[in-house]
Amino acid sequence: MRVTTTGTSRTVLVANQKGGVGKSSIVSAVAGMVAAAGRRVLVVDADQQANVSASDLGVEGDGGRGLSMSLQFAQSLTPVRDVRPNLDVIAGGPALAVVASVAATAAQTGIDLRRNLTQTLNDLNDAENYDLVLLDSGPGDAPLLEALLGTARYLVVPTKDDDASLSGVELLAMRYLRARKAGSMIQLLGVVLFDTNPRATARNREVFEQVHELLEGSGADPFETFIRSDRAAAVDLRTRHLTPLELVDVAESDQKNRLQRLRQKGKSSDRLWSRDPSGLASDYQGLTREILSRVATAERDEVAGGVA
């Protein structure tokens with residue numbers, strides 16, 4: 001399915017004001033699956049820790065300098081191209097730390113982070129014609145988060161089932177509503193439960209009920225798909241810089257070559273911890289389908305509203 005909209009209209013921000021809830025993992029997985037389906041994807045790593053670019057996708061990048069200059073001075077964005085087939089990346093990193101101090105003096109300097117980011121993303125998308133743009137946010141950088149909320153068209157919020165993560169959802173919901181009141185066109189697609197036990201049906205149901213309350217009035221429902229807890233796969237994904245689909249392929253090859261590797265006494269550093277990551281990959285496939293479906297529904301509703 002080819003995107004017919006332009007600019008940042010199909011830009012999805014993945015955010016939560018609590019760290020460690022799966023933002024980068026979801027961005028990497030969704031980007032990998034959409035790109036593997038033959039659609040062009042851009043990942044923007046707006047996190048000082050650069051988890052999605054450096055750790056998940058294995059992109060060294062420029063430490064966030066290009067994105068920082070884009071935010072401050074509307075300097076053109078130059079992605080790292082073909083990180084995977086059809087997948088480009090704007091790297092994050094420590095250079096984004098300056099954004100907070102720039103935002104503090106924005107009224108005096110006339111710098112508009114949101115306007116600059118929107119302009120440069122539009123320019124890049126006009127040149128490259130991406131089918132999907134995914135923005136990964138850091139957990140605590142409020143000025144940068146506000147710029148992202150003002151730039152993105154859609155919002156996906158991951159959370160774990162603990163109180164701190166759900167509080168992060170609540171804090172983000174307040175910023176989301178403020179962004180909407182300030183004129184942002186961003187639309188909440190839903191909240192996804194991350195790193196959960198699929199057998200804990202009672203607990204998962206309880207968390208979904210809490211999320212429903214947090215989303216009241218937003219017009220969004222929690223995603224039906226949740227991302228299961230798989231510690232071994234999580235280690236392999238990050239240490240080997242793989243997407244879930246890539247890890248499935250590696251695991252299948254690992255099983256076939258296990259006897260040969262034992263005979264060769266392979267190094268322990270080459271050990272694959274996950275035996276069968278297909279279940280986790282299936283979760284990410286389901287979430288990717290849901291995200292694309294909700295975006296398509298929102299686009300149809302927008303067209304219908306415009307016609308009406």
# chains A, B, ... in the order shown; residues from 1 in each chain; ligands from 1
call {"tool": "closest_atom_pairs", "arguments": {"of": "range 21-110 of chain A", "to": "range 116-128 of chain A", "cutoff": "9 Å", "atoms": "only C-alpha atoms", "output": "JSON lines"}}
result
{"residue": "A:Arg40", "atom": "CA", "partner": "A:Glu128", "partner_atom": "CA", "distance": 8.6}
{"residue": "A:Leu42", "atom": "CA", "partner": "A:Asn125", "partner_atom": "CA", "distance": 8.8}
{"residue": "A:Leu67", "atom": "CA", "partner": "A:Leu117", "partner_atom": "CA", "distance": 8.4}
{"residue": "A:Ser70", "atom": "CA", "partner": "A:Leu117", "partner_atom": "CA", "distance": 6.2}
{"residue": "A:Leu71", "atom": "CA", "partner": "A:Leu117", "partner_atom": "CA", "distance": 5.3}
{"residue": "A:Gln72", "atom": "CA", "partner": "A:Asn116", "partner_atom": "CA", "distance": 7.0}
{"residue": "A:Phe73", "atom": "CA", "partner": "A:Asn116", "partner_atom": "CA", "distance": 6.8}
{"residue": "A:Ala74", "atom": "CA", "partner": "A:Asn116", "partner_atom": "CA", "distance": 4.6}
{"residue": "A:Gln75", "atom": "CA", "partner": "A:Thr120", "partner_atom": "CA", "distance": 7.0}
{"residue": "A:Ser76", "atom": "CA", "partner": "A:Thr120", "partner_atom": "CA", "distance": 5.7}
{"residue": "A:Leu77", "atom": "CA", "partner": "A:Thr120", "partner_atom": "CA", "distance": 6.3}
{"residue": "A:Thr78", "atom": "CA", "partner": "A:Leu124", "partner_atom": "CA", "distance": 8.0}
{"residue": "A:Pro79", "atom": "CA", "partner": "A:Leu124", "partner_atom": "CA", "distance": 9.0}
call {"tool": "select_by_dssp", "arguments": {"residues": "range 90-148 of chain A", "states": "strand (DSSP E or B)", "output": "PDB file with N, CA and C atoms, in the first residue's frame"}}
result
ATOM      1  N   ILE A  90      17.909   8.719  11.152  1.00  0.00           N
ATOM      2  CA  ILE A  90      18.505   9.931  11.711  1.00  0.00           C
ATOM      3  C   ILE A  90      18.968   9.562  13.118  1.00  0.00           C
ATOM      4  N   LEU A 132       6.568   5.768   5.808  1.00  0.00           N
ATOM      5  CA  LEU A 132       6.331   5.866   7.244  1.00  0.00           C
ATOM      6  C   LEU A 132       7.541   6.516   7.901  1.00  0.00           C
ATOM      7  N   VAL A 133       7.287   7.432   8.837  1.00  0.00           N
ATOM      8  CA  VAL A 133       8.338   8.043   9.643  1.00  0.00           C
ATOM      9  C   VAL A 133       8.044   7.696  11.099  1.00  0.00           C
ATOM     10  N   LEU A 134       9.014   7.101  11.784  1.00  0.00           N
ATOM     11  CA  LEU A 134       8.867   6.713  13.184  1.00  0.00           C
ATOM     12  C   LEU A 134       9.810   7.547  14.040  1.00  0.00           C
ATOM     13  N   LEU A 135       9.262   8.205  15.056  1.00  0.00           N
ATOM     14  CA  LEU A 135      10.044   9.039  15.966  1.00  0.00           C
ATOM     15  C   LEU A 135      10.176   8.325  17.308  1.00  0.00           C
ATOM     16  N   ASP A 136      11.403   8.150  17.753  1.00  0.00           N
ATOM     17  CA  ASP A 136      11.655   7.567  19.071  1.00  0.00           C
ATOM     18  C   ASP A 136      12.066   8.676  20.021  1.00  0.00           C
ATOM     19  N   SER A 137      11.411   8.778  21.165  1.00  0.00           N
ATOM     20  CA  SER A 137      11.672   9.870  22.103  1.00  0.00           C
ATOM     21  C   SER A 137      12.387   9.369  23.346  1.00  0.00           C
TER      22      SER A 137
END
call {"tool": "closest_residue", "arguments": {"among": "A:Asn86, A:Ser24, A:Asn16, A:Thr105", "to": "Met174 in chain A", "atoms": "only C-alpha atoms"}}
result
A:Asn16
call {"tool": "closest_residue", "arguments": {"among": "A:Gly305, A:Gly140, A:Gly219, A:Gly64", "to": "Leu188 in chain A", "atoms": "only C-alpha atoms"}}
result
A:Gly219
call {"tool": "atom_distance", "arguments": {"atom1": "CA of Arg203 in chain A", "atom2": "CA of Asp161 in chain A"}}
result
8.3 Å
call {"tool": "residues_around", "arguments": {"residues": "Gln187 in chain A", "least_positions_apart": "2", "cutoff": "12 Å", "atoms": "only C-alpha atoms", "output": "ChimeraX atom specification"}}
result
/A:9-14,149-157,173,176-177,179-180,183-185,189-190,215,218-220,294-295,297-299,302
call {"tool": "write_last_selection", "arguments": {"atoms": "C-alpha atoms", "output": "PDB file, in the first residue's frame"}}
result
ATOM      1  CA  SER A   9       1.204  13.309   7.851  1.00  0.00           C
ATOM      2  CA  ARG A  10       2.264   9.679   8.379  1.00  0.00           C
ATOM      3  CA  THR A  11       4.691  10.341  11.204  1.00  0.00           C
ATOM      4  CA  VAL A  12       4.259   8.169  14.307  1.00  0.00           C
ATOM      5  CA  LEU A  13       5.775   9.194  17.633  1.00  0.00           C
ATOM      6  CA  VAL A  14       6.451   6.418  20.169  1.00  0.00           C
ATOM      7  CA  LEU A 149       4.291  16.120  19.993  1.00  0.00           C
ATOM      8  CA  GLY A 150       3.885  19.235  17.883  1.00  0.00           C
ATOM      9  CA  THR A 151       5.443  17.618  14.822  1.00  0.00           C
ATOM     10  CA  ALA A 152       4.090  14.057  14.717  1.00  0.00           C
ATOM     11  CA  ARG A 153       0.687  13.144  13.339  1.00  0.00           C
ATOM     12  CA  TYR A 154       0.139  10.038  15.452  1.00  0.00           C
ATOM     13  CA  LEU A 155       1.148   8.838  18.916  1.00  0.00           C
ATOM     14  CA  VAL A 156       1.762   5.309  20.214  1.00  0.00           C
ATOM     15  CA  VAL A 157       2.393   4.894  23.943  1.00  0.00           C
ATOM     16  CA  ALA A 173      -1.442  12.111  28.291  1.00  0.00           C
ATOM     17  CA  TYR A 176      -0.581  15.263  24.634  1.00  0.00           C
ATOM     18  CA  LEU A 177      -3.706  17.207  25.559  1.00  0.00           C
ATOM     19  CA  ALA A 179      -0.149  19.874  22.526  1.00  0.00           C
ATOM     20  CA  ARG A 180      -3.615  19.422  21.030  1.00  0.00           C
ATOM     21  CA  GLY A 183      -2.809  23.474  17.750  1.00  0.00           C
ATOM     22  CA  SER A 184      -0.996  20.173  17.179  1.00  0.00           C
ATOM     23  CA  MET A 185      -2.752  17.743  14.835  1.00  0.00           C
ATOM     24  CA  LEU A 189      -3.535   5.736  18.293  1.00  0.00           C
ATOM     25  CA  GLY A 190      -3.394   3.772  21.538  1.00  0.00           C
ATOM     26  CA  LEU A 215      -7.409   7.154  27.681  1.00  0.00           C
ATOM     27  CA  SER A 218      -9.061  10.513  23.829  1.00  0.00           C
ATOM     28  CA  GLY A 219     -11.073   8.423  21.379  1.00  0.00           C
ATOM     29  CA  ALA A 220      -8.370   5.717  21.423  1.00  0.00           C
ATOM     30  CA  ARG A 294      -5.364   2.552  12.822  1.00  0.00           C
ATOM     31  CA  VAL A 295      -3.377   5.048  10.767  1.00  0.00           C
ATOM     32  CA  THR A 297      -8.621   4.406   9.530  1.00  0.00           C
ATOM     33  CA  ALA A 298      -7.616   7.857  10.790  1.00  0.00           C
ATOM     34  CA  GLU A 299      -6.692   8.906   7.252  1.00  0.00           C
ATOM     35  CA  GLU A 302      -9.949  12.692   7.890  1.00  0.00           C
TER      36      GLU A 302
END
call {"tool": "closest_residue", "arguments": {"among": "A:Ala91, A:Ala31, A:Leu242, A:Ala46", "to": "Glu60 in chain A", "atoms": "only C-alpha atoms"}}
result
A:Ala91
call {"tool": "select_by_dssp", "arguments": {"residues": "range 62-93 of chain A", "states": "alpha helix (DSSP H)", "output": "compact mmCIF listing (two decimals) with N, CA and C atoms, in the first residue's frame"}}
result
# COMPACT_ATOMS: atom_id res chain seq x y z
N ARG A 65 24.07 15.12 16.36
CA ARG A 65 24.41 16.50 15.97
C ARG A 65 23.52 17.01 14.85
N GLY A 66 23.25 16.18 13.86
CA GLY A 66 22.41 16.63 12.76
C GLY A 66 21.00 16.97 13.19
N LEU A 67 20.41 16.13 14.04
CA LEU A 67 19.07 16.40 14.53
C LEU A 67 19.05 17.63 15.43
N SER A 68 20.10 17.80 16.24
CA SER A 68 20.19 18.98 17.09
C SER A 68 20.25 20.26 16.26
N MET A 69 21.03 20.25 15.18
CA MET A 69 21.13 21.43 14.32
C MET A 69 19.83 21.69 13.58
N SER A 70 19.13 20.62 13.25
CA SER A 70 17.83 20.77 12.62
C SER A 70 16.84 21.46 13.55
N LEU A 71 16.82 21.04 14.80
CA LEU A 71 15.92 21.62 15.79
C LEU A 71 16.24 23.09 16.06
N GLN A 72 17.52 23.41 16.13
CA GLN A 72 17.91 24.78 16.48
C GLN A 72 17.84 25.74 15.29
N PHE A 73 18.31 25.28 14.13
CA PHE A 73 18.52 26.20 13.01
C PHE A 73 17.84 25.77 11.72
call {"tool": "atom_distance", "arguments": {"atom1": "CA of His212 in chain A", "atom2": "CA of Gln285 in chain A"}}
result
23.1 Å
call {"tool": "closest_atom_pairs", "arguments": {"of": "range 191-246 of chain A", "to": "range 162-167 of chain A", "cutoff": "9 Å", "atoms": "only C-alpha atoms", "output": "tab-separated table"}}
result
residue	atom	partner	partner_atom	distance
A:Val207	CA	A:Leu166	CA	8.8
A:Gln210	CA	A:Leu166	CA	8.3
A:Val211	CA	A:Leu166	CA	7.8
A:Leu214	CA	A:Leu166	CA	8.7
call {"tool": "write_last_selection", "arguments": {"atoms": "C-alpha atoms", "output": "mmCIF file, in the first residue's frame"}}
result
data_model
loop_
_atom_site.group_PDB
_atom_site.id
_atom_site.type_symbol
_atom_site.label_atom_id
_atom_site.label_comp_id
_atom_site.auth_asym_id
_atom_site.auth_seq_id
_atom_site.Cartn_x
_atom_site.Cartn_y
_atom_site.Cartn_z
ATOM 1 C CA VAL A 207 -3.951 -3.166 33.321
ATOM 2 C CA GLN A 210 -6.496 1.112 33.952
ATOM 3 C CA VAL A 211 -5.328 2.119 30.483
ATOM 4 C CA LEU A 214 -6.249 6.896 31.314
#
call {"tool": "residues_around", "arguments": {"residues": "Arg39 in chain A", "least_positions_apart": "2", "cutoff": "7 Å", "atoms": "only C-alpha atoms", "output": "tab-separated table (two decimals) with C-alpha atoms, in the first residue's frame"}}
result
chain	number	residue	atom	x	y	z
A	34	VAL	CA	7.46	-2.27	7.35
A	35	ALA	CA	10.77	-1.94	5.49
A	37	ALA	CA	7.50	-5.45	3.26
A	41	VAL	CA	10.81	3.96	6.32
A	86	ASN	CA	14.26	0.59	2.51
A	131	ASP	CA	5.93	5.61	3.48
call {"tool": "residues_around", "arguments": {"residues": "Pro85 in chain A", "least_positions_apart": "3", "cutoff": "9 Å", "atoms": "only C-alpha atoms", "output": "ChimeraX atom specification"}}
result
/A:35-36,38,40,81-82,88
call {"tool": "decode", "arguments": {"residues": "range 66-122 of chain A", "atoms": "C-alpha atoms", "output": "compact mmCIF listing (two decimals), in the first residue's frame"}}
result
# COMPACT_ATOMS: atom_id res chain seq x y z
CA GLY A 66 22.41 16.63 12.76
CA LEU A 67 19.07 16.40 14.53
CA SER A 68 20.19 18.98 17.09
CA MET A 69 21.13 21.43 14.32
CA SER A 70 17.83 20.77 12.62
CA LEU A 71 15.92 21.62 15.79
CA GLN A 72 17.91 24.78 16.48
CA PHE A 73 18.52 26.20 13.01
CA ALA A 74 16.28 24.23 10.61
CA GLN A 75 19.42 22.73 9.06
CA SER A 76 18.61 20.02 6.52
CA LEU A 77 18.49 16.48 7.85
CA THR A 78 20.83 13.92 6.31
CA PRO A 79 19.92 10.33 7.19
CA VAL A 80 22.17 7.32 7.36
CA ARG A 81 20.86 5.56 4.29
CA ASP A 82 20.00 1.90 3.76
CA VAL A 83 20.67 0.76 7.31
CA ARG A 84 18.44 -2.04 6.10
CA PRO A 85 16.87 -2.23 2.63
CA ASN A 86 14.26 0.59 2.51
CA LEU A 87 15.25 1.83 5.99
CA ASP A 88 17.01 5.15 6.70
CA VAL A 89 17.95 6.51 10.15
CA ILE A 90 18.51 9.93 11.71
CA ALA A 91 20.81 9.06 14.61
CA GLY A 92 20.34 10.22 18.18
CA GLY A 93 22.96 10.82 20.83
CA PRO A 94 24.40 13.17 23.47
CA ALA A 95 24.42 16.22 21.16
CA LEU A 96 20.66 16.45 21.77
CA ALA A 97 21.35 17.52 25.37
CA VAL A 98 21.69 21.13 24.20
CA VAL A 99 18.04 21.25 23.14
CA ALA A 100 16.83 21.83 26.71
CA SER A 101 18.99 24.95 27.16
CA VAL A 102 17.99 26.23 23.73
CA ALA A 103 14.31 25.82 24.63
CA ALA A 104 14.83 27.77 27.86
CA THR A 105 15.89 30.86 25.91
CA ALA A 106 13.65 30.32 22.88
CA ALA A 107 11.49 33.37 23.66
CA GLN A 108 14.53 35.63 23.55
CA THR A 109 16.26 34.01 20.56
CA GLY A 110 13.18 33.36 18.44
CA ILE A 111 14.06 29.69 17.96
CA ASP A 112 11.00 27.51 17.36
CA LEU A 113 11.97 23.86 17.82
CA ARG A 114 8.65 22.52 16.63
CA ARG A 115 8.56 24.65 13.49
CA ASN A 116 12.17 23.82 12.61
CA LEU A 117 11.68 20.08 13.05
CA THR A 118 8.43 20.07 11.07
CA GLN A 119 10.04 22.02 8.24
CA THR A 120 13.12 19.83 7.98
CA LEU A 121 11.14 16.58 8.20
CA ASN A 122 8.77 17.84 5.51
